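Here is the file entry-v4.txt (compact mmCIF, C-alpha atoms).
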# COMPACT_ATOMS: atom_id res chain seq x y z
CA MET N 1 308.10 14.09 121.24
CA ILE N 2 307.27 16.41 118.36
CA CYS N 3 303.55 16.09 119.14
CA TYR N 4 304.24 16.87 122.78
CA LEU N 5 306.19 20.00 121.84
CA ILE N 6 303.47 21.16 119.44
CA PHE N 7 300.63 20.70 121.93
CA SER N 8 302.57 22.33 124.77
CA VAL N 9 303.59 25.35 122.69
CA LEU N 10 300.06 25.82 121.33
CA ILE N 11 298.54 25.79 124.81
CA ALA N 12 301.21 28.21 126.04
CA ALA N 13 300.48 30.49 123.07
CA ALA N 14 296.78 30.39 123.93
CA ALA N 15 297.63 31.62 127.44
CA PHE N 16 298.95 34.89 125.94
CA THR N 17 295.55 35.63 124.35
CA VAL N 18 292.98 34.80 127.05
CA ARG N 19 290.73 37.64 128.21
CA ARG N 20 289.64 36.31 131.60
CA ARG N 21 291.55 34.89 134.55
CA SER N 22 289.20 31.92 134.73
CA LEU N 23 290.20 30.97 131.17
CA LEU N 24 293.85 31.31 132.15
CA ARG N 25 293.34 28.78 134.93
CA LEU N 26 291.66 26.42 132.47
CA THR N 27 294.59 26.87 130.08
CA GLY N 28 296.97 25.99 132.90
CA ALA N 29 294.93 22.90 133.76
CA ALA N 30 295.01 21.82 130.09
CA PHE N 31 298.77 22.34 129.90
CA TYR N 32 299.49 20.23 132.97
CA ALA N 33 297.05 17.57 131.79
CA VAL N 34 299.23 17.28 128.68
CA GLN N 35 302.36 17.03 130.85
CA ALA N 36 300.81 14.32 133.01
CA ALA N 37 299.55 12.39 129.98
CA PHE N 38 302.99 12.52 128.37
CA ALA N 39 304.66 11.31 131.59
CA VAL N 40 302.21 8.38 131.78
CA ARG N 41 302.80 7.64 128.10
CA ILE N 42 306.55 7.40 128.71
CA VAL N 43 306.42 5.38 131.91
CA ALA N 44 303.52 3.05 131.18
CA GLY N 45 302.83 3.47 127.47
CA GLY N 46 305.92 1.93 125.97
CA LEU N 47 307.93 5.05 125.11
CA TYR N 48 310.56 4.47 127.80
CA GLY N 49 313.82 3.38 126.19
CA GLU N 50 312.70 4.49 122.72
CA THR N 51 313.95 7.31 120.49
CA SER N 52 311.88 9.99 118.78
CA ALA N 53 312.55 12.14 115.70
CA VAL N 54 316.29 11.25 115.76
CA TRP N 55 317.10 14.03 118.25
CA PHE N 56 315.30 12.75 121.36
CA ALA N 57 315.56 9.65 123.55
CA PHE N 58 313.36 8.63 126.48
CA ASP N 59 316.13 7.36 128.74
CA ALA N 60 316.22 6.90 132.51
CA ALA N 61 317.67 10.33 133.25
CA GLY N 62 315.20 12.24 131.11
CA THR N 63 312.24 10.26 132.42
CA LEU N 64 313.07 10.71 136.11
CA PHE N 65 313.84 14.41 135.87
CA TYR N 66 310.83 15.05 133.63
CA CYS N 67 308.49 13.53 136.22
CA LEU N 68 310.01 15.83 138.84
CA LEU N 69 309.65 18.77 136.45
CA CYS N 70 305.94 18.12 135.98
CA ILE N 71 305.38 18.15 139.74
CA VAL N 72 307.45 21.26 140.50
CA SER N 73 306.13 23.24 137.53
CA ALA N 74 302.51 22.50 138.44
CA PHE N 75 303.11 23.63 142.03
CA ALA N 76 304.88 26.78 140.79
CA PHE N 77 302.05 27.64 138.38
CA PHE N 78 299.20 27.28 140.85
CA HIS N 79 301.15 28.96 143.70
CA SER N 80 301.81 31.92 141.42
CA LYS N 81 298.18 33.05 141.60
CA ALA N 82 298.70 34.51 145.08
CA SER N 83 302.01 36.12 144.10
CA LEU N 84 300.42 37.83 141.08
CA HIS N 85 297.34 39.23 142.85
CA ASP N 86 298.51 42.83 142.23
CA CYS N 87 299.25 42.24 138.51
CA ASP N 88 296.83 43.07 135.71
CA LEU N 89 295.59 40.44 133.28
CA ARG N 90 298.23 41.25 130.66
CA GLN N 91 301.10 40.75 133.10
CA THR N 92 299.54 37.60 134.55
CA ARG N 93 298.95 35.90 131.22
CA THR N 94 302.45 36.81 130.02
CA TYR N 95 303.91 35.24 133.15
CA ALA N 96 301.74 32.12 132.80
CA GLY N 97 302.52 31.62 129.12
CA LEU N 98 306.23 32.01 129.67
CA LEU N 99 306.17 29.59 132.60
CA MET N 100 304.56 27.00 130.33
CA LEU N 101 307.11 27.64 127.57
CA LEU N 102 309.93 27.38 130.11
CA THR N 103 308.61 24.01 131.27
CA THR N 104 308.43 22.82 127.65
CA ALA N 105 311.97 23.98 126.89
CA ILE N 106 313.35 22.26 130.00
CA ALA N 107 311.59 19.03 129.00
CA GLY N 108 313.17 19.30 125.55
CA ALA N 109 316.62 19.64 127.14
CA TYR N 110 315.98 16.59 129.33
CA PHE N 111 315.13 14.30 126.42
CA ALA N 112 317.58 15.69 123.84
CA SER N 113 320.01 13.03 122.63
CA ASN N 114 322.10 15.51 120.64
CA LEU N 115 324.55 18.09 121.99
CA ALA N 116 323.30 20.82 119.65
CA VAL N 117 319.63 20.16 120.43
CA THR N 118 320.38 20.32 124.16
CA TRP N 119 322.07 23.68 123.61
CA ILE N 120 319.09 25.03 121.62
CA PHE N 121 316.60 24.16 124.34
CA LEU N 122 318.82 25.58 127.08
CA GLU N 123 319.09 28.84 125.12
CA ALA N 124 315.29 28.84 124.88
CA THR N 125 315.07 28.55 128.67
CA THR N 126 317.16 31.72 128.98
CA LEU N 127 314.71 33.70 126.85
CA CYS N 128 311.68 32.34 128.72
CA SER N 129 313.23 33.02 132.13
CA ALA N 130 314.17 36.57 131.12
CA GLY N 131 310.55 37.18 130.08
CA ILE N 132 309.33 35.90 133.44
CA VAL N 133 311.69 38.27 135.24
CA TYR N 134 310.35 41.20 133.15
CA HIS N 135 306.64 40.28 133.33
CA ARG N 136 305.79 43.31 135.52
CA ARG N 137 307.35 45.66 132.90
CA THR N 138 308.92 48.02 135.45
CA ALA N 139 312.31 49.71 135.23
CA GLN N 140 313.63 47.47 138.02
CA ALA N 141 312.32 44.36 136.23
CA LEU N 142 313.93 45.50 132.97
CA GLU N 143 317.31 45.91 134.68
CA ALA N 144 317.03 42.47 136.29
CA ALA N 145 316.01 40.92 132.94
CA TRP N 146 318.91 42.29 130.91
CA LYS N 147 321.38 41.30 133.63
CA TYR N 148 319.90 37.80 133.56
CA VAL N 149 320.17 37.64 129.78
CA PHE N 150 323.77 38.90 129.87
CA VAL N 151 324.93 36.38 132.47
CA CYS N 152 323.12 33.36 131.05
CA SER N 153 323.78 34.17 127.38
CA THR N 154 327.49 34.50 128.14
CA GLY N 155 327.39 31.04 129.66
CA ILE N 156 325.41 29.61 126.76
CA ALA N 157 327.89 31.12 124.28
CA MET N 158 330.76 29.46 126.15
CA ALA N 159 328.93 26.14 126.05
CA TYR N 160 328.43 26.56 122.29
CA LEU N 161 332.17 27.04 121.81
CA GLY N 162 332.74 23.93 123.92
CA ILE N 163 330.40 21.91 121.71
CA LEU N 164 332.25 23.12 118.59
CA LEU N 165 335.58 22.10 120.10
CA LEU N 166 334.16 18.72 121.09
CA ALA N 167 332.98 18.18 117.52
CA ALA N 168 336.40 19.20 116.21
CA ALA N 169 338.19 16.92 118.67
CA THR N 170 336.13 13.86 117.74
CA ASP N 171 335.74 14.71 114.03
CA CYS N 172 332.07 13.67 114.16
CA GLU N 173 329.52 14.73 111.58
CA SER N 174 326.73 14.00 114.07
CA LEU N 175 326.57 15.53 117.54
CA ASP N 176 324.54 12.64 118.92
CA TYR N 177 325.80 11.77 122.41
CA ALA N 178 326.36 8.11 121.55
CA THR N 179 328.28 8.96 118.35
CA VAL N 180 330.51 11.50 120.09
CA ALA N 181 331.13 9.09 123.00
CA ALA N 182 332.29 6.40 120.56
CA ALA N 183 334.72 8.78 118.85
CA ALA N 184 335.93 10.64 121.96
CA PRO N 185 338.73 8.19 122.98
CA GLY N 186 340.61 9.06 119.78
CA GLY N 187 340.17 12.82 120.15
CA SER N 188 342.77 15.47 120.96
CA ALA N 189 343.31 15.69 124.72
CA LEU N 190 343.77 19.48 124.61
CA TYR N 191 340.55 19.99 122.67
CA LEU N 192 338.61 17.65 124.95
CA LYS N 193 339.85 19.41 128.08
CA THR N 194 339.06 22.86 126.71
CA ALA N 195 335.65 21.74 125.50
CA PHE N 196 334.75 20.32 128.91
CA LEU N 197 335.83 23.51 130.69
CA LEU N 198 333.72 25.68 128.39
CA ILE N 199 330.67 23.43 128.70
CA LEU N 200 331.10 23.25 132.48
CA CYS N 201 331.25 27.04 132.79
CA GLY N 202 328.43 27.55 130.29
CA TYR N 203 325.91 25.17 131.78
CA SER N 204 326.68 26.29 135.34
CA CYS N 205 325.60 29.92 134.81
CA ASN N 206 322.29 30.90 136.35
CA ALA N 207 320.65 33.83 138.10
CA ASN N 208 317.42 32.45 139.49
CA PHE N 209 317.15 34.99 142.33
CA ALA N 210 315.82 37.58 139.85
CA ALA N 211 312.52 35.78 139.18
CA PRO N 212 309.38 35.75 141.38
CA ALA N 213 309.59 33.12 144.13
CA PRO N 214 307.26 30.49 142.57
CA ALA N 215 309.13 30.78 139.25
CA SER N 216 312.42 30.58 141.17
CA ALA N 217 311.20 27.25 142.55
CA LEU N 218 311.14 25.98 138.96
CA ILE N 219 314.33 27.69 137.80
CA SER N 220 316.36 26.68 140.85
CA THR N 221 315.35 23.04 140.44
CA GLY N 222 314.04 22.15 136.98
CA LEU N 223 316.34 24.46 135.01
CA VAL N 224 319.38 23.81 137.20
CA ASN N 225 318.70 20.09 136.75
CA ALA N 226 318.76 20.58 132.97
CA GLY N 227 322.27 22.00 133.25
CA PHE N 228 323.31 19.19 135.58
CA LEU N 229 321.91 16.56 133.23
CA ALA N 230 323.63 18.10 130.19
CA LEU N 231 326.91 18.16 132.12
CA LEU N 232 326.41 14.57 133.34
CA ARG N 233 325.99 13.38 129.74
CA VAL N 234 329.21 15.09 128.68
CA TYR N 235 330.91 13.61 131.76
CA LYS N 236 329.78 10.12 130.73
CA LEU N 237 330.85 10.47 127.10
CA LEU N 238 334.35 11.39 128.31
CA ALA N 239 334.51 8.39 130.70
CA GLU N 240 336.55 6.26 128.29
CA THR N 241 339.02 8.98 127.32
CA GLU N 242 342.48 9.71 128.67
CA VAL N 243 341.30 13.07 130.03
CA PHE N 244 338.70 11.56 132.38
CA PRO N 245 340.90 11.69 135.52
CA TRP N 246 341.54 15.35 134.74
CA VAL N 247 337.78 15.94 134.28
CA LYS N 248 337.11 14.43 137.72
CA SER N 249 339.79 16.63 139.28
CA VAL N 250 338.22 19.73 137.74
CA LEU N 251 334.81 18.75 139.09
CA LEU N 252 336.30 18.30 142.56
CA LEU N 253 337.81 21.77 142.38
CA VAL N 254 334.58 23.33 141.10
CA GLY N 255 332.59 21.52 143.78
CA VAL N 256 334.78 22.80 146.61
CA LEU N 257 334.75 26.35 145.17
CA SER N 258 330.95 26.19 144.96
CA LEU N 259 330.80 25.22 148.63
CA VAL N 260 333.07 28.15 149.48
CA VAL N 261 331.00 30.63 147.43
CA GLY N 262 327.74 29.26 148.81
CA ALA N 263 328.96 29.50 152.42
CA LEU N 264 330.28 33.07 151.99
CA PHE N 265 327.18 34.45 150.31
CA LEU N 266 324.81 32.70 152.69
CA ARG N 267 326.47 34.86 155.33
CA ARG N 268 326.46 38.12 153.35
CA THR N 269 323.06 38.29 151.67
CA ASN N 270 320.13 40.21 153.16
CA ASN N 271 317.41 38.70 150.95
CA TYR N 272 315.73 35.38 151.74
CA LYS N 273 315.04 34.45 148.11
CA ARG N 274 318.63 35.17 147.10
CA PHE N 275 319.68 33.27 150.22
CA LEU N 276 317.94 30.13 148.89
CA SER N 277 319.54 30.67 145.48
CA TYR N 278 323.02 30.61 147.01
CA SER N 279 322.04 27.44 148.82
CA THR N 280 321.43 25.92 145.38
CA VAL N 281 325.03 26.79 144.46
CA GLU N 282 326.23 24.94 147.56
CA ASN N 283 324.14 21.86 146.82
CA MET N 284 325.24 21.70 143.19
CA GLY N 285 328.78 21.90 144.53
CA ILE N 286 328.13 18.75 146.57
CA ALA N 287 326.82 17.03 143.42
CA ALA N 288 329.95 18.11 141.51
CA ILE N 289 332.13 16.62 144.24
CA GLY N 290 330.19 13.37 143.93
CA LEU N 291 330.90 13.24 140.19
CA GLY N 292 334.51 14.19 140.84
CA ILE N 293 335.27 11.35 143.23
CA GLY N 294 333.47 8.79 141.03
CA GLY N 295 332.42 5.33 142.18
CA ILE N 296 329.43 5.42 144.48
CA GLY N 297 329.74 9.21 144.46
CA VAL N 298 328.09 9.39 141.03
CA TRP N 299 325.01 7.55 142.34
CA ALA N 300 324.99 9.82 145.37
CA ALA N 301 325.26 12.95 143.18
CA VAL N 302 322.22 11.98 141.11
CA PHE N 303 320.23 11.04 144.23
CA HIS N 304 321.26 14.34 145.84
CA VAL N 305 320.03 16.40 142.88
CA VAL N 306 316.73 14.50 142.72
CA CYS N 307 315.97 15.05 146.40
CA HIS N 308 317.21 18.63 146.33
CA THR N 309 314.57 19.31 143.67
CA LEU N 310 311.73 18.51 146.07
CA ILE N 311 313.29 20.20 149.09
CA LYS N 312 314.35 23.45 147.44
CA SER N 313 311.11 23.90 145.52
CA SER N 314 309.21 23.48 148.80
CA LEU N 315 311.33 26.17 150.47
CA PHE N 316 310.94 28.62 147.58
CA LEU N 317 307.16 28.18 147.71
CA GLN N 318 307.22 28.78 151.46
CA ILE N 319 309.28 31.94 150.92
CA ALA N 320 306.66 33.08 148.38
CA VAL N 321 304.12 32.95 151.23
CA VAL N 322 306.53 34.94 153.43
CA ARG N 323 306.64 37.60 150.70
CA GLN N 324 302.84 37.79 150.67
CA VAL N 325 302.75 38.26 154.45
CA TYR N 326 305.55 40.81 154.86
CA GLY N 327 305.74 42.39 151.41
CA ASN N 328 309.50 41.83 151.09
CA TYR N 329 312.34 39.31 151.60
CA ARG N 330 314.65 41.44 153.78
CA ILE N 331 316.35 39.33 156.43
CA ASN N 332 317.05 42.20 158.82
CA ARG N 333 313.43 43.47 158.92
CA ILE N 334 311.07 40.52 159.06
CA GLY N 335 310.54 37.98 161.84
CA ASP N 336 308.13 36.41 164.34
CA TYR N 337 306.79 34.19 161.57
CA ILE N 338 306.05 31.36 163.99
CA HIS N 339 303.20 33.43 165.50
CA ILE N 340 301.86 34.66 162.15
CA ASN N 341 301.77 31.49 160.06
CA ARG N 342 302.60 28.49 162.22
CA VAL N 343 302.21 25.99 159.37
CA GLY N 344 304.56 27.99 157.14
CA ALA N 345 307.10 28.37 159.94
CA VAL N 346 307.04 24.63 160.63
CA GLY N 347 307.54 24.06 156.89
CA LEU N 348 310.55 26.39 156.84
CA LEU N 349 312.10 24.92 159.98
CA THR N 350 311.56 21.37 158.75
CA GLY N 351 312.99 22.33 155.37
CA MET N 352 315.98 23.82 157.14
CA VAL N 353 316.66 20.56 158.96
CA VAL N 354 316.25 18.51 155.78
CA LEU N 355 318.32 20.83 153.55
CA VAL N 356 321.30 20.84 155.91
CA ALA N 357 321.19 17.03 155.78
CA PHE N 358 320.14 16.04 159.27
CA PRO N 359 318.41 12.60 159.45
CA PRO N 360 315.90 11.60 158.15
CA SER N 361 316.88 13.88 155.29
CA PRO N 362 317.66 12.10 151.99
CA LEU N 363 320.58 14.52 151.62
CA PHE N 364 322.12 12.89 154.70
CA LEU N 365 322.32 9.63 152.73
CA SER N 366 323.83 11.25 149.63
CA GLU N 367 326.41 13.27 151.55
CA LEU N 368 327.31 10.24 153.68
CA MET N 369 327.89 8.18 150.51
CA ILE N 370 330.09 10.91 149.04
CA LEU N 371 332.14 11.15 152.22
CA LYS N 372 332.41 7.35 152.37
CA GLN N 373 333.84 7.21 148.84
CA THR N 374 336.18 10.10 149.61
CA ILE N 375 337.51 8.32 152.72
CA ALA N 376 337.86 5.07 150.76
CA ASP N 377 340.06 6.95 148.26
CA GLY N 378 342.21 8.25 151.11
CA ARG N 379 341.51 11.93 150.40
CA TRP N 380 341.44 13.11 153.98
CA TRP N 381 342.24 16.70 153.00
CA LEU N 382 339.05 16.76 150.95
CA VAL N 383 337.01 15.21 153.77
CA THR N 384 338.31 17.86 156.17
CA GLY N 385 337.54 20.70 153.78
CA ILE N 386 334.04 19.45 153.00
CA MET N 387 333.20 18.99 156.68
CA LEU N 388 334.41 22.47 157.63
CA LEU N 389 332.50 24.12 154.79
CA LEU N 390 329.34 22.16 155.56
CA CYS N 391 329.57 23.25 159.20
CA LEU N 392 329.68 26.89 158.06
CA VAL N 393 326.73 26.33 155.74
CA ILE N 394 324.71 24.70 158.53
CA TYR N 395 325.44 27.60 160.90
CA PHE N 396 324.59 30.36 158.42
CA PHE N 397 321.50 28.61 157.06
CA CYS N 398 320.03 27.74 160.44
CA SER N 399 320.74 31.15 162.00
CA ARG N 400 318.95 32.99 159.17
CA LEU N 401 315.81 30.85 159.14
CA LEU N 402 315.60 30.86 162.94
CA ARG N 403 315.69 34.67 162.78
CA LEU N 404 312.78 34.67 160.34
CA CYS N 405 310.69 32.56 162.68
CA TYR N 406 311.59 34.12 166.05
CA GLN N 407 313.20 37.59 165.80
CA PRO N 408 310.91 40.65 166.34
CA ARG N 409 309.48 42.00 163.08
CA GLN N 410 309.81 45.60 161.91
CA ASP N 411 307.53 45.67 158.86
CA GLU N 412 303.75 45.90 158.46
CA LEU N 413 301.93 42.62 157.84
CA HIS N 414 299.74 41.73 154.85
CA PRO N 415 298.24 38.38 155.90
CA SER N 416 295.97 36.49 153.53
CA ALA N 417 293.41 33.76 154.09
CA THR N 418 295.25 31.55 151.58
CA ASP N 419 298.60 31.65 153.38
CA ARG N 420 298.14 28.46 155.38
CA ALA N 421 296.68 26.51 152.44
CA LEU N 422 299.71 27.40 150.33
CA SER N 423 302.02 26.49 153.20
CA TRP N 424 300.40 23.07 153.54
CA SER N 425 300.74 22.56 149.79
CA ALA N 426 304.46 23.39 149.83
CA LEU N 427 304.93 21.14 152.86
CA SER N 428 303.73 18.14 150.82
CA LEU N 429 306.83 18.37 148.59
CA LEU N 430 309.02 18.30 151.67
CA ALA N 431 307.15 15.26 152.99
CA ALA N 432 307.85 13.47 149.69
CA ALA N 433 311.56 14.21 150.03
CA ILE N 434 311.63 12.90 153.61
CA GLY N 435 309.84 9.79 152.37
CA LEU N 436 312.67 9.20 149.89
CA GLY N 437 315.13 9.55 152.75
CA LEU N 438 313.38 6.78 154.67
CA TRP N 439 312.59 4.46 151.76
CA GLN N 440 313.72 4.29 148.15
CA PRO N 441 311.44 2.09 145.99
CA ALA N 442 313.14 -0.57 143.87
CA PHE N 443 312.17 1.10 140.56
CA PHE N 444 313.57 4.42 141.81
CA ARG N 445 316.90 2.86 142.74
CA GLU N 446 317.00 1.08 139.38
CA LEU N 447 316.49 4.37 137.54
CA ILE N 448 319.36 6.01 139.42
CA ASP N 449 321.54 2.92 138.82
CA ARG N 450 321.01 3.37 135.08
CA ILE N 451 321.65 7.12 135.21
CA ALA N 452 324.86 6.70 137.23
CA SER N 453 326.31 3.86 135.17
CA LEU N 454 329.32 4.90 133.06

Translate this file's structure into structure tokens.
Amino acid sequence: MICYLIFSVLIAAAAFTVRRRSLLRLTGAAFYAVQAAFAVRIVAGGLYGETSAVWFAFDAAGTLFYCLLCIVSAFAFFHSKASLHDCDLRQTRTYAGLLMLLTTAIAGAYFASNLAVTWIFLEATTLCSAGIVYHRRTAQALEAAWKYVFVCSTGIAMAYLGILLLAAATDCESLDYATVAAAAPGGSALYLKTAFLLILCGYSCNANFAAPAPASALISTGLVNAGFLALLRVYKLLAETEVFPWVKSVLLLVGVLSLVVGALFLRRTNNYKRFLSYSTVENMGIAAIGLGIGGIGVWAAVFHVVCHTLIKSSLFLQIAVVRQVYGNYRINRIGDYIHINRVGAVGLLTGMVVLVAFPPSPLFLSELMILKQTIADGRWWLVTGIMLLLCLVIYFFCSRLLRLCYQPRQDELHPSATDRALSWSALSLLAAAIGLGLWQPAFFRELIDRIASL
């Protein structure tokens, strides 16, 4: 793991110094070759199930989410070329270097087997993401960057306090997840509850709408997954404690509130990229409900997050193409996309159907499993609330994307010869997600079984 971090950081540092765009593309190719080689080394080279440098472990969760990260980050990097066509070399190489560093930091958070190390890498992601937001060095970018830093750093600080309380509650000298889990049943219930609340609030903070659309594809999936995975590990280490029923109740409440917030802001926003970001809030709320009800819901939550990664990254990359065509993301001004870029419009409409969980969407399976467990527990009030909120989400989401494809446009067009190629590329991620909805390979199901086991 240390070698991986060194190579990745060195290549990212080299990206800041290149003097030609062709060299920047070669640097990107070298970086993703390292990511692919490391993924192969884990899966087929004997690293899976091993530990590295005391602070890292190549477990099922880290391995699965890292493979997804490699795919999404590579798509985001190579799609960014079209989005950065009006940037000079300095801005472009800054963006590229920070995207590589962000990918490296997320990978570190995935494989961290220590609470403190997880926190360090998540703090690093905040700094990298803020730099990506500010890469154009304009006054508007500066304002967005400091707002991002303020929101995310506040969350990270809360998570740090939660980790300190967790250490105090368990009286552990080591913050290794396994060590803390072994000591947690004897910890103070008040400290454990407070620690979980702080970590939950801290790792749930994000502001991915501020970044360019290809980077948002990575932040809204890879980085959000890092927070989910960190929370899942805390959830599992509290599974044998007396506060676990309370933890599940809190997750149910947070999940329902996330659905409410997602539904409300899907209706209110006038920006397609921000619109997709609020959809991420709604989908993470569904995952939180899955963890909250327990049982088969935990498996469904992990499966939901995995499939959401492919679907949402595809939609963000499609919206990046929309930005290239229209020059903005304003919902009330752009439309008629079906006649401008038919491939992109089909990708958006198909993504709409898949994201709102209509068959053959994999999200249909995960949401059905969550509802099945909820009904089995006799929580009909929760079933009713989830169904009503999901109906609102479906209505708002479908109405907005249908407007993009069919309403008359008001803005000047800026079509590019690369639009359809990028749309086809983004569509391939969506096809992979649909494939998972139709068929889950045995090794994939086994990985999720291991991740979901308490």

Using all atoms listed in the file, the residue out of N:Gln318, N:Ser249, N:Thr309, N:Ser153 with shortest distance to Ala130 (chain N) is N:Ser153

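Taking CA of Ile132 (chain N) as the reference point, CA of Pro212 (chain N) is found at 7.9 Å.
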
Using all atoms listed in the file, pick whichever of N:Val356, N:Leu266, N:Ala139, N:Ala96 has the shortest atom-to-atom distance to Ser83 (chain N).
-> N:Ala96

If you count only C-alpha atoms, which residues fall within 9 Å of Phe303 (chain N), apart from same-chain ones fewer than 6 positions away, as a list in words?
-> Ala287, Pro362, Leu363, Leu365, Ser366, Arg445 and Ile448 of chain N

Judged by all atoms listed in the file, the minimum distance to Leu175 (chain N) among N:Ile334, N:Ser220, N:Val151, N:Ser113 is found for N:Ser113

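Note that the spacing between CA of Trp119 (chain N) and CA of Tyr32 (chain N) amounts to 24.7 Å.
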
10 Å contact set for Cys405 (chain N), all atoms listed in the file, chain neighbours under 4 positions out, as a ChimeraX atom specification = /N:334-342,344-346,348-349,400-401,409

Which of N:Asp88, N:Leu102, N:Pro185, N:Ala37 sits closest to Val9 (chain N) [using only C-alpha atoms] = N:Leu102

Please provide as a count of residues only all residues within 12 Å of Ala144 (chain N), with the sequence filter that same-chain residues fewer than 3 positions apart are discarded (counting all atoms listed in the file).
-> 24

What gap, in Å, lies between CA of Leu317 (chain N) and CA of Ile286 (chain N)?
-> 23.0 Å

Shell of 10 Å around Ala426 (chain N), all atoms listed in the file, local chain residues under 6 positions omitted, as a PyMOL selection string = chain N and resi 75-76+79+310-311+313-319+321+344+347-348+420

Using only C-alpha atoms, determine which residues lie at most 10 Å from region 258-261 of chain N, disregarding the query and same-chain residues fewer than 2 positions distant; provide the list as a ChimeraX atom specification.
-> /N:252-256,263-266,278-286,288-289,385-386,389-390,392-393

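For the set N:Leu371, N:Leu89, N:Leu69, N:Ala82, the residue with the smallest atom-to-atom gap to Asn225 (chain N) is N:Leu69, counting all atoms listed in the file.
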
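Candidate residues N:Ala189, N:Ile219, N:Ile199, N:Leu161 were compared for distance to Thr126 (chain N), and the nearest is N:Ile219, using only C-alpha atoms.
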
Generate the coordinates of N, CA and C atoms for region 389-402 of chain N; report them as a PDB file, keeping the file's coordinate frame.
ATOM      1  N   LEU N 389     333.399  23.271 155.568  1.00  0.00           N
ATOM      2  CA  LEU N 389     332.500  24.120 154.790  1.00  0.00           C
ATOM      3  C   LEU N 389     331.040  23.803 155.076  1.00  0.00           C
ATOM      4  N   LEU N 390     330.719  22.528 155.238  1.00  0.00           N
ATOM      5  CA  LEU N 390     329.340  22.160 155.560  1.00  0.00           C
ATOM      6  C   LEU N 390     328.934  22.669 156.946  1.00  0.00           C
ATOM      7  N   CYS N 391     329.878  22.701 157.876  1.00  0.00           N
ATOM      8  CA  CYS N 391     329.570  23.250 159.200  1.00  0.00           C
ATOM      9  C   CYS N 391     329.225  24.744 159.095  1.00  0.00           C
ATOM     10  N   LEU N 392     329.981  25.466 158.264  1.00  0.00           N
ATOM     11  CA  LEU N 392     329.680  26.890 158.060  1.00  0.00           C
ATOM     12  C   LEU N 392     328.310  27.064 157.414  1.00  0.00           C
ATOM     13  N   VAL N 393     328.022  26.248 156.403  1.00  0.00           N
ATOM     14  CA  VAL N 393     326.730  26.330 155.740  1.00  0.00           C
ATOM     15  C   VAL N 393     325.587  26.058 156.720  1.00  0.00           C
ATOM     16  N   ILE N 394     325.744  25.032 157.549  1.00  0.00           N
ATOM     17  CA  ILE N 394     324.710  24.700 158.530  1.00  0.00           C
ATOM     18  C   ILE N 394     324.480  25.862 159.486  1.00  0.00           C
ATOM     19  N   TYR N 395     325.561  26.480 159.966  1.00  0.00           N
ATOM     20  CA  TYR N 395     325.440  27.600 160.900  1.00  0.00           C
ATOM     21  C   TYR N 395     324.720  28.784 160.267  1.00  0.00           C
ATOM     22  N   PHE N 396     325.179  29.198 159.075  1.00  0.00           N
ATOM     23  CA  PHE N 396     324.590  30.360 158.420  1.00  0.00           C
ATOM     24  C   PHE N 396     323.134  30.109 158.027  1.00  0.00           C
ATOM     25  N   PHE N 397     322.860  28.917 157.514  1.00  0.00           N
ATOM     26  CA  PHE N 397     321.500  28.610 157.060  1.00  0.00           C
ATOM     27  C   PHE N 397     320.533  28.564 158.237  1.00  0.00           C
ATOM     28  N   CYS N 398     320.922  27.876 159.296  1.00  0.00           N
ATOM     29  CA  CYS N 398     320.030  27.740 160.440  1.00  0.00           C
ATOM     30  C   CYS N 398     319.813  29.082 161.150  1.00  0.00           C
ATOM     31  N   SER N 399     320.870  29.872 161.287  1.00  0.00           N
ATOM     32  CA  SER N 399     320.740  31.150 162.000  1.00  0.00           C
ATOM     33  C   SER N 399     319.785  32.085 161.265  1.00  0.00           C
ATOM     34  N   ARG N 400     319.820  32.085 159.931  1.00  0.00           N
ATOM     35  CA  ARG N 400     318.950  32.990 159.170  1.00  0.00           C
ATOM     36  C   ARG N 400     317.485  32.555 159.253  1.00  0.00           C
ATOM     37  N   LEU N 401     317.204  31.288 159.096  1.00  0.00           N
ATOM     38  CA  LEU N 401     315.810  30.850 159.140  1.00  0.00           C
ATOM     39  C   LEU N 401     315.238  30.904 160.557  1.00  0.00           C
ATOM     40  N   LEU N 402     316.075  30.697 161.560  1.00  0.00           N
ATOM     41  CA  LEU N 402     315.600  30.860 162.940  1.00  0.00           C
ATOM     42  C   LEU N 402     315.244  32.322 163.216  1.00  0.00           C
TER      43      LEU N 402
END
